[in-house]
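Report on one structure; see the data block that follows.
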Amino acid sequence: MIKKSKLLSAVAIATASFIAAPSYADTMNTPDISAMSVMNGLENPWDMAFTNDGDMFVTEKCKGLSVKTSSGSVHALAGMKDSKGYASTFNDLFCSGQAGMMGVALDPNFNKNRRIYVASTSNKYHGSGCKTNFEKCDGNIIMRMEVSKDMKSVSNRVDIVKDIQYKPFESDHPFGGPGAHNGNRLRFGPEGYLWATTGDRHRGVVPQSPKLLGGNVLRIDTDGKAHPGNKPPRGFDKRMYTYGHRNVQGIDFRPSDGRAFTAEHGPWQNDEITALVNGGNGGWDPRPNVGGRGDCPDKYCGYMPNQKEGMLPAKRAQFMPMSDTRFSDLMPPAWNNNGLSQGTGSAAFLKGKNWGYWEGRMAVGIMGIGFGGTPSGMRIDVVDIAKDGQSIKSVIHMPTGLTKRFRGLRLGPDNALYAAVDEGEIYKITATAK
Amino acid sequence: MKGLNLGIVGLCLLFSNPALSGDINAGEARYAQNCGNCHGPAGMGLASYPKLKGKEIPYLIDRLNTYRAGTKIGPNSDLMIMMAQPLSDVEIANLAAYLNAQK
């Protein structure tokens, strides 16, 4: 009996030792996550770009471009119409609804040429267009400027893309105000070319149009000319790397192979992450009287068959698929948001050993749109994408402790993840692997 | 004098009606259920969704009543109609009181 008792005790001690042994977390190398606010009091911060020294450029949608230097000082550089206190003000730049000053990227050779690229809404190139919602409206542009060495001003503005489509008037749709769906995220690819996302601007014919810039991912040089290797279908604008998107606002390049991936807002029933294929079609085609659909409000079927209330997502997807399989050049998504559209609008691959076993995964910023039975998002997902880009292996909600509308994500030179939130702040999210 | 008394009684009745005076705390709880997703903390306004904090109570009540009735005002009406339709008079008054109190 004593022996049995001793045996039981030994088993108990062994079990306790096993429980107290090195944790699963050590085995998994899950990083510890912490978040701290590094800028606040901003007005709709949209995107960030970093120098290697840690200077952070920031766009605010209705104000303009600023920089917070590595020493902590903040300089207002390029303001929009009616903005005050900026070193330069450009009266053609304006904001309306979702539109305004948005993406920002630094030239890979910034230390030498001081060049910065900014996407914004502008009325400079409207010309004879933009009189109605149903015509060409060149209202989104990409500017190139040069930043002074003291980081206090910009000069030599050159508009390298002048004809990205813009929605000038209200329409009969949810989120139907002017300025809808602009894309406008800017990132440099590993090959040194500028990638720019664009949106369908609530016009049915735009995403599948060979000539209108909207619902595309563009790949251009720093003068705005097409990359010579772009392979859009014959007759399409050569600046297009892909077409047939809805509103791409997340794009980044997988560190392991340089492949471009997008994270894209969906039409009420979905969001998507897609591995891009040169010349590929995102499969979004909101035109009326195609794909089995009839007429739609204001010639745009993107919110049909029911604009008024929630309904079964699968029924929506059946009527108005985000990735329509009738296209032979369709790029199938690697991930969809389980039938929800929650404002998936930014992406950044996680680089550095500090991210532990999340290194190489894609962080995706989700804003949160809680209507029609959709639970609000307000989170960052960490997505493990399969090597072939056709599926994912897992999704984890990053434990940031924050419930915010995550508008823009960018990895800093310190391998921390920076997040702009609509609430007017920029957070630094730090990972520490065990 | 009699008229004055009647006026005072009327005012008392007006402000003792919870549907008109509104409960700020109850409004905050209701706001947290849906509204903050778009309009942000304390009605600060986010992205293309308008700022609501500090707006006058009659304005807020009128807007919510209008949306609840299915009437469009502005480009996001379809969303607001959907959100306002389940609201009771008391909830509308509470929401208005809460948002008005945010400065």
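Naming scheme: A, B, ... for chains in displayed order of the structure tokens; residues 1 onward per chain; ligands 1 onward as shown.
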
Item checked: Spatial neighbours of B:Leu52, 10 Å, only C-alpha atoms, chain gap at least 3 places, as a PyMOL selection string -> chain B and resi 39-40+42-45+49+55-56+60+96+99-100+102-103

Distance limit 7 Å, atoms considered: only C-alpha atoms. Which chain A residues sit that close to chain B? Return them as a short mmCIF file (atom, residue, chain, number, x, y, z; two decimals) with C-alpha atoms, in the first residue's frame.
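So result_35.cif came out as:
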```
data_model
loop_
_atom_site.label_atom_id
_atom_site.label_comp_id
_atom_site.auth_asym_id
_atom_site.auth_seq_id
_atom_site.Cartn_x
_atom_site.Cartn_y
_atom_site.Cartn_z
CA ASN A 44 -8.05 60.52 -40.12
CA GLY A 97 -16.16 61.13 -48.30
CA GLN A 98 -13.63 58.32 -48.54
CA GLU A 170 -23.73 61.01 -54.66
CA PRO A 174 -25.01 52.33 -49.35
CA PHE A 175 -21.88 54.41 -48.71
CA GLY A 176 -23.13 56.27 -51.77
CA GLY A 177 -21.46 59.64 -51.22
CA LYS A 308 -31.57 47.97 -47.80
CA GLU A 309 -30.86 45.26 -45.27
CA GLY A 368 -15.04 47.36 -38.82
CA ILE A 369 -18.42 47.85 -40.39
CA GLY A 370 -21.15 46.54 -38.12
CA SER A 376 -17.68 44.72 -36.42
CA ASP A 422 -9.34 56.29 -37.76
CA GLU A 423 -9.59 57.38 -34.14
#
```

Checklist line | Nearest candidate to A:Gly85 (options A:Gly356, A:Gly64, A:Gly302, A:Gly310; using only C-alpha atoms) | finding: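 Checking each of A:Gly356, A:Gly64, A:Gly302, A:Gly310 against A:Gly85, counting only C-alpha atoms, the winner is A:Gly64.
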
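Nearest to B:Ile61 of all the residues B:Val90, B:Ala101, B:Ile24, B:Ala29 is B:Val90, counting only C-alpha atoms.
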
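The two atoms in question, atom CA of A:Asn184 and atom CA of A:Val206, are spaced 15.5 Å apart.
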
Checklist line | Minimum-distance residue to A:Met36, chosen among A:Ala275, A:Val147, A:Ala416, A:Leu312 (using only C-alpha atoms) | finding: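 Ranked by minimum distance to A:Met36, first place goes to A:Ala416.
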
Next item on the list: Record the distance separating atom CA of A:Ser394 and atom CA of A:Met320, expressed in Å with one decimal.
Entry: 26.7 Å

Go through stretch 125-156 of chain A residue by residue and, counting only C-alpha atoms, keep those with an atom at most 10 Å from stretch 100-104 of chain A; for each kept residue give the shortest atom pair and its distance in Å to one decimal, ordered by chain and increasing number, as JSON lines.
```
{"residue": "A:Asn140", "atom": "CA", "partner": "A:Gly100", "partner_atom": "CA", "distance": 8.6}
{"residue": "A:Ile141", "atom": "CA", "partner": "A:Met101", "partner_atom": "CA", "distance": 9.7}
{"residue": "A:Ile142", "atom": "CA", "partner": "A:Gly103", "partner_atom": "CA", "distance": 8.9}
{"residue": "A:Met143", "atom": "CA", "partner": "A:Val104", "partner_atom": "CA", "distance": 9.5}
{"residue": "A:Arg144", "atom": "CA", "partner": "A:Val104", "partner_atom": "CA", "distance": 9.9}
```

Next item on the list: Could you please write out, as a PyMOL selection string, every residue of chain B that DSSP assigns to helix (DSSP H, G or I)?
Entry: chain B and resi 2-16+18-21+24-33+36-39+41-43+57-68+77-84+89-101

Next item on the list: Apply DSSP to the backbone of this structure and, from stretch 233-402 of chain A, keep only the residues in strand (DSSP E or B); write these as a count of residues only.
Entry: 48

Note to self: Just the number, please: distance in Å from atom CA of A:Pro321 to atom CA of A:Trp284, one decimal.
What the structure shows: 7.1 Å

Next item on the list: Would you mind listing what lies within 12 Å of A:Ser209 as a ChimeraX atom specification, with only C-alpha atoms counted and same-chain residues fewer than 2 positions away left out?
Entry: /A:136,165,200,203-207,211-216,232-237,240,242-245,281,284-287

Output C-alpha atoms for every residue in the selection just made, as a PDB file, in the first residue's frame.
```pdb
ATOM      1  CA  LYS A 136     -14.676  59.623 -67.236  1.00  0.00           C
ATOM      2  CA  GLN A 165     -10.927  57.567 -61.694  1.00  0.00           C
ATOM      3  CA  ASP A 200     -13.994  51.000 -58.922  1.00  0.00           C
ATOM      4  CA  ARG A 203     -19.088  52.949 -61.608  1.00  0.00           C
ATOM      5  CA  GLY A 204     -20.114  49.605 -63.046  1.00  0.00           C
ATOM      6  CA  VAL A 205     -18.010  49.682 -66.189  1.00  0.00           C
ATOM      7  CA  VAL A 206     -14.733  50.651 -64.542  1.00  0.00           C
ATOM      8  CA  PRO A 207     -13.152  47.442 -63.168  1.00  0.00           C
ATOM      9  CA  LYS A 211      -8.688  52.039 -70.537  1.00  0.00           C
ATOM     10  CA  LEU A 212     -10.142  53.538 -67.356  1.00  0.00           C
ATOM     11  CA  LEU A 213      -7.790  53.398 -64.381  1.00  0.00           C
ATOM     12  CA  GLY A 214      -9.948  52.060 -61.580  1.00  0.00           C
ATOM     13  CA  GLY A 215     -10.165  48.667 -59.912  1.00  0.00           C
ATOM     14  CA  ASN A 216      -6.544  47.986 -60.836  1.00  0.00           C
ATOM     15  CA  PRO A 232      -2.438  43.167 -69.193  1.00  0.00           C
ATOM     16  CA  PRO A 233      -4.708  41.797 -71.949  1.00  0.00           C
ATOM     17  CA  ARG A 234      -4.229  43.221 -75.439  1.00  0.00           C
ATOM     18  CA  GLY A 235      -5.640  46.718 -75.768  1.00  0.00           C
ATOM     19  CA  PHE A 236      -5.475  47.455 -72.035  1.00  0.00           C
ATOM     20  CA  ASP A 237      -3.556  50.334 -70.508  1.00  0.00           C
ATOM     21  CA  MET A 240      -2.083  47.852 -65.311  1.00  0.00           C
ATOM     22  CA  THR A 242      -3.911  43.520 -62.658  1.00  0.00           C
ATOM     23  CA  TYR A 243      -7.490  44.624 -63.273  1.00  0.00           C
ATOM     24  CA  GLY A 244     -11.023  43.649 -62.212  1.00  0.00           C
ATOM     25  CA  HIS A 245     -10.715  44.679 -58.551  1.00  0.00           C
ATOM     26  CA  ASN A 281      -8.321  39.620 -63.372  1.00  0.00           C
ATOM     27  CA  TRP A 284     -15.145  42.003 -59.962  1.00  0.00           C
ATOM     28  CA  ASP A 285     -17.662  43.113 -62.557  1.00  0.00           C
ATOM     29  CA  PRO A 286     -20.498  45.236 -61.133  1.00  0.00           C
ATOM     30  CA  ARG A 287     -21.973  46.221 -64.516  1.00  0.00           C
TER      31      ARG A 287
END
```

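Distance annotation: of A:Arg114, A:Lys167, A:Arg361, A:Lys68, the residue with the minimal separation from A:Met145 is A:Arg114; atom set is only C-alpha atoms.
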
Checklist line | Residues within 7 Å of stretch 185-191 of chain A, only C-alpha atoms, excluding chain neighbours under 2 positions, as a PyMOL selection string | finding: chain A and resi 102-105+183+193-197+249-250+253+258

May I have the selected residues written with N, CA, C and O atoms, as a compact mmCIF listing (two decimals), in the first residue's frame?
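Listing of part-v7.txt after writing:
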```
# COMPACT_ATOMS: atom_id res chain seq x y z
N MET A 102 -4.04 60.11 -49.38
CA MET A 102 -4.11 58.74 -48.87
C MET A 102 -2.73 58.08 -48.82
O MET A 102 -1.99 58.25 -47.88
N GLY A 103 -2.33 57.36 -49.88
CA GLY A 103 -1.11 56.57 -49.80
C GLY A 103 0.15 57.41 -49.88
O GLY A 103 0.18 58.48 -50.50
N VAL A 104 1.22 56.89 -49.25
CA VAL A 104 2.53 57.56 -49.31
C VAL A 104 3.62 56.50 -49.38
O VAL A 104 3.52 55.46 -48.74
N ALA A 105 4.63 56.77 -50.18
CA ALA A 105 5.77 55.85 -50.30
C ALA A 105 7.03 56.66 -50.54
O ALA A 105 6.99 57.71 -51.19
N GLY A 183 -9.06 53.26 -53.85
CA GLY A 183 -7.78 52.55 -53.72
C GLY A 183 -6.78 53.49 -53.08
O GLY A 183 -6.93 53.92 -51.95
N TYR A 193 9.99 49.21 -58.55
CA TYR A 193 8.90 49.94 -59.22
C TYR A 193 7.79 50.28 -58.23
O TYR A 193 7.64 49.62 -57.20
N LEU A 194 7.03 51.31 -58.59
CA LEU A 194 5.95 51.78 -57.71
C LEU A 194 4.65 51.04 -58.05
O LEU A 194 4.24 51.00 -59.21
N TRP A 195 4.03 50.48 -57.03
CA TRP A 195 2.75 49.80 -57.19
C TRP A 195 1.68 50.70 -56.58
O TRP A 195 1.83 51.19 -55.46
N ALA A 196 0.60 50.91 -57.32
CA ALA A 196 -0.47 51.79 -56.87
C ALA A 196 -1.81 51.07 -57.02
O ALA A 196 -2.08 50.48 -58.07
N THR A 197 -2.62 51.12 -55.99
CA THR A 197 -3.93 50.48 -56.07
C THR A 197 -4.99 51.52 -56.42
O THR A 197 -4.87 52.70 -56.07
N GLN A 249 -6.94 48.35 -51.09
CA GLN A 249 -6.22 49.33 -50.26
C GLN A 249 -5.15 48.68 -49.40
O GLN A 249 -4.48 49.37 -48.64
N GLY A 250 -4.99 47.37 -49.53
CA GLY A 250 -3.89 46.69 -48.85
C GLY A 250 -3.02 46.00 -49.88
O GLY A 250 -3.53 45.25 -50.72
N PHE A 253 4.47 42.78 -50.27
CA PHE A 253 5.23 41.79 -51.03
C PHE A 253 5.81 40.76 -50.07
O PHE A 253 6.48 41.12 -49.10
N GLY A 258 8.99 37.68 -52.89
CA GLY A 258 8.70 38.97 -53.52
C GLY A 258 7.34 39.06 -54.18
O GLY A 258 7.01 40.08 -54.80
```

Check: Looking at only C-alpha atoms, which of A:Trp268, A:Tyr427, A:Trp358, A:Phe319 is the one that sits closest to A:Gly408?
Finding: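 For A:Gly408, the nearest of the given residues is A:Tyr427.
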